[in-house]
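Peer 1: Sharing query-v2.cif below, mmCIF, C-alpha atoms:
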data_model
#
loop_
_atom_site.label_atom_id
_atom_site.label_comp_id
_atom_site.auth_asym_id
_atom_site.auth_seq_id
_atom_site.Cartn_x
_atom_site.Cartn_y
_atom_site.Cartn_z
CA MET A 252 135.01 19.50 141.77
CA ARG A 253 131.58 19.78 140.29
CA PHE A 254 131.33 22.33 137.47
CA ALA A 255 129.67 25.62 138.53
CA SER A 256 129.58 24.62 142.21
CA VAL A 257 130.58 27.26 144.77
CA GLU A 258 133.88 25.43 145.45
CA TRP A 259 134.62 25.21 141.74
CA ILE A 260 133.98 28.92 141.15
CA GLU A 261 136.10 29.79 144.19
CA ALA A 262 138.98 27.65 142.88
CA VAL A 263 138.79 29.12 139.37
CA VAL A 264 138.70 32.69 140.73
CA ARG A 265 141.71 31.94 142.97
CA GLU A 266 143.71 30.55 140.04
CA VAL A 267 142.74 33.38 137.68
CA ASN A 268 143.66 35.99 140.32
CA ALA A 269 147.06 34.36 140.73
CA HIS A 270 148.01 34.95 137.09
CA PRO A 271 150.52 37.80 136.64
CA ASP A 272 148.97 38.92 133.31
CA LEU A 273 145.48 39.37 134.71
CA PRO A 274 145.75 43.14 135.42
CA ARG A 275 146.72 43.76 131.78
CA ALA A 276 143.84 41.58 130.53
CA LEU A 277 141.25 43.31 132.71
CA SER A 278 142.49 46.85 132.12
CA GLY A 279 139.80 48.96 130.45
CA LEU A 280 137.07 46.34 130.73
CA GLY A 281 133.70 46.87 132.44
CA ALA A 282 133.46 46.39 136.19
CA ASP A 283 131.46 43.19 136.40
CA LEU A 284 130.36 40.09 134.53
CA ALA A 285 127.74 37.41 134.96
CA ALA A 286 128.05 33.96 133.43
CA VAL A 287 124.89 31.93 132.92
CA VAL A 288 124.78 28.20 132.24
CA GLU A 289 121.39 27.53 130.74
CA ARG A 290 119.25 24.69 132.00
CA ASP A 291 119.76 21.28 130.45
CA PRO A 292 116.71 19.09 131.02
CA VAL A 293 118.78 15.93 131.38
CA HIS A 294 122.11 16.85 132.97
CA PHE A 295 121.63 20.31 134.47
CA PRO A 296 117.94 20.91 135.20
CA HIS A 297 118.43 23.97 137.43
CA GLY A 298 121.07 25.80 135.43
CA ALA A 299 123.60 28.02 137.17
CA ALA A 300 124.73 31.61 137.24
CA ALA A 301 127.66 33.42 138.77
CA TRP A 302 128.68 37.04 139.05
CA GLY A 303 132.10 38.60 139.55
CA ARG A 304 133.46 42.13 139.89
CA GLN A 305 136.97 43.27 139.01
CA GLU A 306 138.90 46.15 140.50
CA GLY A 307 142.57 47.01 140.42
CA GLY A 308 143.38 44.16 138.05
CA ARG A 309 141.87 41.31 140.02
CA ILE A 310 138.51 39.76 140.81
CA VAL A 311 137.61 41.31 144.15
CA ALA A 312 134.09 39.96 144.63
CA TRP A 313 132.11 37.05 143.28
CA ARG A 314 129.09 34.94 144.13
CA ALA A 315 127.06 32.08 142.78
CA LEU A 316 123.56 33.33 142.04
CA GLU A 317 120.61 31.42 143.40
CA ASP A 318 118.46 32.28 140.42
CA GLU A 319 119.58 33.29 136.93
CA ASP A 320 116.97 36.09 137.00
CA ASP A 321 119.19 37.76 139.64
CA VAL A 322 121.34 38.78 136.66
CA LEU A 323 118.54 41.12 135.54
CA GLU A 324 118.60 42.94 138.88
CA ILE A 325 122.40 43.18 139.07
CA ASP A 326 122.58 44.36 135.43
CA PRO A 327 126.33 43.75 135.04
CA ALA A 328 128.51 45.24 132.31
CA TYR A 329 128.74 41.83 130.61
CA VAL A 330 126.45 38.81 130.55
CA VAL A 331 127.72 35.65 128.90
CA ARG A 332 125.07 33.01 128.36
CA ALA A 333 125.42 29.53 126.87
CA PRO A 334 124.04 26.01 127.28
CA LEU A 335 125.95 23.46 129.34
CA THR A 336 127.26 21.55 126.30
CA LEU A 337 128.80 24.69 124.87
CA TRP A 338 130.35 25.78 128.19
CA LYS A 339 131.94 22.36 128.32
CA GLU A 340 133.31 22.75 124.77
CA LEU A 341 134.64 26.22 125.63
CA LEU A 342 136.23 25.18 128.91
CA THR A 343 137.84 22.09 127.42
CA GLY A 344 139.21 24.06 124.47
CA LYS A 345 137.03 22.31 121.88
CA ALA A 346 135.26 25.54 120.90
CA ASP A 347 136.72 28.97 120.30
CA PRO A 348 135.07 31.65 122.51
CA VAL A 349 135.34 34.45 119.97
CA GLN A 350 133.94 32.35 117.15
CA ALA A 351 131.17 31.12 119.45
CA ALA A 352 130.29 34.70 120.41
CA LEU A 353 130.35 35.97 116.83
CA SER A 354 128.24 33.09 115.57
CA GLY A 355 125.69 33.70 118.33
CA ARG A 356 126.16 30.28 119.94
CA VAL A 357 127.31 32.14 123.06
CA ARG A 358 125.12 35.14 123.75
CA VAL A 359 127.10 38.11 125.00
CA LYS A 360 125.54 41.29 126.35
CA GLY A 361 127.93 44.20 126.71
CA ASP A 362 130.95 45.57 124.89
CA LEU A 363 131.84 42.63 122.66
CA GLU A 364 134.54 44.71 120.96
CA GLY A 365 136.48 44.97 124.24
CA LEU A 366 136.22 41.22 124.76
CA VAL A 367 137.36 40.43 121.19
CA ARG A 368 140.37 42.72 121.68
CA ARG A 369 141.35 40.72 124.75
CA ALA A 370 140.82 37.31 123.16
CA GLY A 371 144.59 36.85 123.17
CA TYR A 372 144.50 36.67 126.97
CA ARG A 373 142.31 33.59 127.02
CA TYR A 374 145.37 31.58 128.10
CA ILE A 375 144.85 33.02 131.62
CA VAL A 376 141.51 31.27 131.97
CA GLU A 377 142.78 28.16 130.18
CA ALA A 378 145.72 27.90 132.60
CA ALA A 379 143.40 28.36 135.58
CA LEU A 380 141.04 25.68 134.32
CA ARG A 381 143.88 23.24 133.78
CA ARG A 382 144.71 23.56 137.46
CA VAL A 383 141.14 23.09 138.67
CA GLU A 384 139.79 19.57 138.46
CA THR A 385 136.38 19.85 136.80
CA VAL A 386 133.63 17.27 136.71
CA PHE A 387 130.85 18.16 134.31
CA PRO A 388 127.27 17.13 135.14
CA ASP A 389 127.08 14.78 132.14
CA GLU A 390 130.10 12.90 133.48
CA VAL A 391 128.61 12.25 136.91
CA LYS A 392 127.58 8.64 137.36
CA ARG A 393 123.99 8.34 138.51
CA MET B 17 118.29 14.68 109.94
CA SER B 18 121.05 12.20 109.23
CA GLU B 19 124.33 13.24 107.58
CA GLY B 20 123.51 11.43 104.34
CA ARG B 21 119.99 12.85 103.95
CA LYS B 22 120.71 16.56 104.10
CA GLY B 23 118.97 18.74 101.54
CA ILE B 24 120.84 21.17 99.32
CA PRO B 25 120.05 24.27 101.49
CA GLU B 26 121.24 22.51 104.67
CA ALA B 27 124.40 21.26 102.98
CA LEU B 28 125.14 24.73 101.58
CA LEU B 29 124.54 26.33 104.97
CA GLU B 30 126.83 23.82 106.65
CA GLN B 31 129.54 24.41 104.05
CA GLY B 32 129.15 28.16 104.54
CA ILE B 33 129.46 27.86 108.31
CA ARG B 34 132.55 25.69 107.92
CA ALA B 35 134.14 28.17 105.49
CA ALA B 36 133.29 31.13 107.77
CA SER B 37 134.79 29.28 110.76
CA ARG B 38 137.99 28.64 108.82
CA ALA B 39 138.14 32.30 107.78
CA ALA B 40 137.50 33.47 111.35
CA ARG B 41 140.25 31.17 112.62
CA VAL B 42 142.75 32.69 110.14
CA VAL B 43 141.71 36.21 111.19
CA LEU B 44 141.83 35.44 114.92
CA ASP B 45 145.27 33.85 114.74
CA ASP B 46 146.75 37.12 113.48
CA PRO B 47 146.90 40.03 115.99
CA ARG B 48 146.19 42.53 113.20
CA GLY B 49 143.23 40.44 112.12
CA GLN B 50 141.99 40.43 115.70
CA GLU B 51 142.21 44.23 115.78
CA VAL B 52 140.26 44.52 112.51
CA LEU B 53 137.66 42.06 113.75
CA ALA B 54 137.30 43.95 117.07
CA ALA B 55 136.80 47.23 115.19
CA ALA B 56 134.19 45.61 112.94
CA VAL B 57 132.36 44.19 115.95
CA GLY B 58 132.49 47.62 117.63
CA ALA B 59 131.05 49.31 114.54
CA ALA B 60 128.29 46.71 114.29
CA GLN B 61 127.40 47.15 117.97
CA LYS B 62 127.38 50.93 117.61
CA GLY B 63 125.08 50.62 114.59
CA LYS B 64 122.75 48.30 116.48
CA ARG B 65 122.59 50.74 119.41
CA LYS B 66 121.74 53.60 117.03
CA VAL B 67 118.94 51.54 115.43
CA GLU B 68 117.60 50.72 118.91
CA GLU B 69 117.71 54.40 119.90
CA VAL B 70 115.73 55.44 116.82
CA GLN B 71 113.35 52.51 117.30
CA GLY B 72 112.85 53.63 120.91
CA LEU B 73 112.07 57.19 119.85
CA VAL B 74 109.54 55.99 117.25
CA MET B 75 107.90 53.60 119.73
CA ARG B 76 107.70 56.31 122.39
CA ALA B 77 106.22 58.80 119.91
CA ALA B 78 103.60 56.19 119.05
CA GLY B 79 102.85 55.71 122.75
CA LEU B 80 104.17 52.15 122.74
CA PRO B 81 106.57 50.60 125.27
CA THR B 82 110.21 50.46 124.20
CA LYS B 83 112.79 47.71 124.71
CA GLY B 84 114.14 49.76 127.63
CA ASP B 85 110.69 49.82 129.25
CA TYR B 86 110.49 46.02 129.02
CA GLU B 87 113.98 45.76 130.50
CA ASP B 88 112.97 48.02 133.40
CA VAL B 89 109.93 45.84 134.10
CA ALA B 90 112.08 42.67 133.95
CA LYS B 91 114.54 44.26 136.40
CA SER B 92 111.75 45.19 138.82
CA MET B 93 110.29 41.67 138.57
CA ALA B 94 113.71 40.14 139.28
CA ARG B 95 114.12 42.43 142.32
CA LEU B 96 110.67 41.45 143.59
CA LYS B 97 111.41 37.75 143.05
CA ARG B 98 114.66 38.04 145.02
CA LYS B 99 112.93 39.93 147.86
CA LEU B 100 110.23 37.26 148.05
CA ARG B 101 112.91 34.59 148.20
CA ASP B 102 114.71 36.44 151.02
CA LEU B 103 111.42 36.87 152.87
CA ALA B 104 110.56 33.18 152.48
CA LYS B 105 113.94 32.29 153.96
CA GLN B 106 113.34 34.61 156.92
CA VAL B 107 109.92 33.05 157.53
CA ASP B 108 111.43 29.56 157.34
CA GLY B 109 114.12 30.59 159.82
CA GLU B 110 111.51 31.99 162.23
CA ARG B 111 109.43 28.81 161.95
CA LYS B 112 112.40 26.61 162.76
CA ARG B 113 113.11 28.53 166.00
#
Please, can you express the file's structure as structure tokens?
Peer 2:
Amino acid sequence: MRFASVEWIEAVVREVNAHPDLPRALSGLGADLAAVVERDPVHFPHGAAAWGRQEGGRIVAWRALEDEDDVLEIDPAYVVRAPLTLWKELLTGKADPVQAALSGRVRVKGDLEGLVRRAGYRYIVEAALRRVETVFPDEVKR
Amino acid sequence: MSEGRKGIPEALLEQGIRAASRAARVVLDDPRGQEVLAAAVGAAQKGKRKVEEVQGLVMRAAGLPTKGDYEDVAKSMARLKRKLRDLAKQVDGERKR
């Protein structure tokens, strides 16, 4: 599945929601989050953005955003923004999300303290991503 | 710049980043370290918010727009952009009928 496509997001959300530890990980966090993949002139010229809302310990609503400026209107509790290359490093486990956030490579808007406290739950997302076949734009043959 | 032609400042910066990364890794691997780091991040964010609040008050007193004002304008622009997009879709749909 192509990274950041609607099918890919749907599959990741399904896998994340299936994890038994998710309610504990989400407890006390803000209601919604937007993730923005910044434009890459070569491999990802249009960029991508997605939004999700949690309630009762699971992701209850999500959508791929047509335009990353939609994030400004939604004004979610968290916005995580990074270029494609870094998202790839994060999702493939080559970069540490907390280190990336603290160093400013990933730009996080919102309560970073709450996210750092839950860094130990990153295995939920890692497990979900292992189960979802992901093809990154720079791996697509032209 | 190639690896072999780095100046002293660049090399020092790189070494510093590498050392900080190693230190962060040690801290993050320990749950107590994670707690300390989270508290430090929280304090830093709180401090930043306070500075922004004061900055906002000073800007407002001087009759200048604050960061919040710019954010409100950006939000309104994003809403307008989305409405235009929705409208364009409606017009396209009508045309196709």
Peer 1: Which of these residues is nearest to Val288 of chain A, using all atoms listed in the file: A:Asp272, A:Glu258, A:Asp362, A:Glu319?
Peer 2: A:Glu319
Peer 1: Once the PyMOL selection byres ((chain B) within 12 of (chain A)) has been evaluated on this model, what residues remain selected, and can you format them as a short mmCIF file (atom, residue, chain, number, x, y, z; two decimals) with C-alpha atoms, in the coordinates of the input?
Peer 2:
data_model
loop_
_atom_site.label_atom_id
_atom_site.label_comp_id
_atom_site.auth_asym_id
_atom_site.auth_seq_id
_atom_site.Cartn_x
_atom_site.Cartn_y
_atom_site.Cartn_z
CA ILE B 33 129.46 27.86 108.31
CA ARG B 34 132.55 25.69 107.92
CA ALA B 36 133.29 31.13 107.77
CA SER B 37 134.79 29.28 110.76
CA ARG B 38 137.99 28.64 108.82
CA ALA B 39 138.14 32.30 107.78
CA ALA B 40 137.50 33.47 111.35
CA ARG B 41 140.25 31.17 112.62
CA VAL B 42 142.75 32.69 110.14
CA VAL B 43 141.71 36.21 111.19
CA LEU B 44 141.83 35.44 114.92
CA ASP B 45 145.27 33.85 114.74
CA ASP B 46 146.75 37.12 113.48
CA PRO B 47 146.90 40.03 115.99
CA ARG B 48 146.19 42.53 113.20
CA GLY B 49 143.23 40.44 112.12
CA GLN B 50 141.99 40.43 115.70
CA GLU B 51 142.21 44.23 115.78
CA VAL B 52 140.26 44.52 112.51
CA LEU B 53 137.66 42.06 113.75
CA ALA B 54 137.30 43.95 117.07
CA ALA B 55 136.80 47.23 115.19
CA ALA B 56 134.19 45.61 112.94
CA VAL B 57 132.36 44.19 115.95
CA GLY B 58 132.49 47.62 117.63
CA ALA B 59 131.05 49.31 114.54
CA ALA B 60 128.29 46.71 114.29
CA GLN B 61 127.40 47.15 117.97
CA LYS B 62 127.38 50.93 117.61
CA ARG B 65 122.59 50.74 119.41
CA TYR B 86 110.49 46.02 129.02
CA GLU B 87 113.98 45.76 130.50
CA ASP B 88 112.97 48.02 133.40
CA VAL B 89 109.93 45.84 134.10
CA ALA B 90 112.08 42.67 133.95
CA LYS B 91 114.54 44.26 136.40
CA SER B 92 111.75 45.19 138.82
CA MET B 93 110.29 41.67 138.57
CA ALA B 94 113.71 40.14 139.28
CA ARG B 95 114.12 42.43 142.32
CA LEU B 96 110.67 41.45 143.59
CA LYS B 97 111.41 37.75 143.05
CA ARG B 98 114.66 38.04 145.02
CA LYS B 99 112.93 39.93 147.86
CA ARG B 101 112.91 34.59 148.20
CA ASP B 102 114.71 36.44 151.02
#
Peer 1: Which distance in Å separates atom CA of Val311 of chain A and atom CA of Leu284 of chain A, to one decimal?
Peer 2: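 These atoms are spaced 12.1 Å apart.
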Peer 1: Which residues, named as in the file, does the PyMOL selection byres ((chain A and resi 389) around 9) pick out? Answer as an MDAnalysis selection string.
Peer 2: chainID A and resid 293:295 336 386:388 390:392
Peer 1: Just to confirm, what's the straight-line distance from atom CA of Arg382 of chain A to atom CA of Arg290 of chain A in Å (one decimal)?
Peer 2: 26.1 Å
Peer 1: Find the residue from A:Val357, A:Leu277, A:Val263, A:Ala315 that sits nearest to Trp338 of chain A; use only C-alpha atoms when measuring.
Peer 2: A:Val357
Peer 1: Quick check on the file I pasted: which residues fall under the PyMOL selection byres ((chain A and resi 299) around 7)? Write them as number ranges by chain.
Peer 2: A: 255, 287-289, 297-298, 300-301, 319
Peer 1: Pick out the residues sitting within 12 Å of Tyr374 of chain A, and hand them over as JSON, numbers by chain; count all atoms listed in the file, and ignore anything fewer than 4 positions along from it in its own chain.
Peer 2: {"A": [267, 270, 271, 272, 273, 276, 342, 344, 347, 348, 369, 370, 378, 379, 380, 381]}
Peer 1: One number please: atom CA of Arg332 of chain A to atom CA of Asp291 of chain A, in Å, one decimal.
Peer 2: 13.0 Å
Peer 1: Under the rule that all atoms listed in the file are counted, which of A:Val383, A:Ala269, A:Met252, A:Val257 is the nearest residue to Ile310 of chain A?
Peer 2: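 Using all atoms listed in the file, Ile310 of chain A sits closest to A:Ala269.
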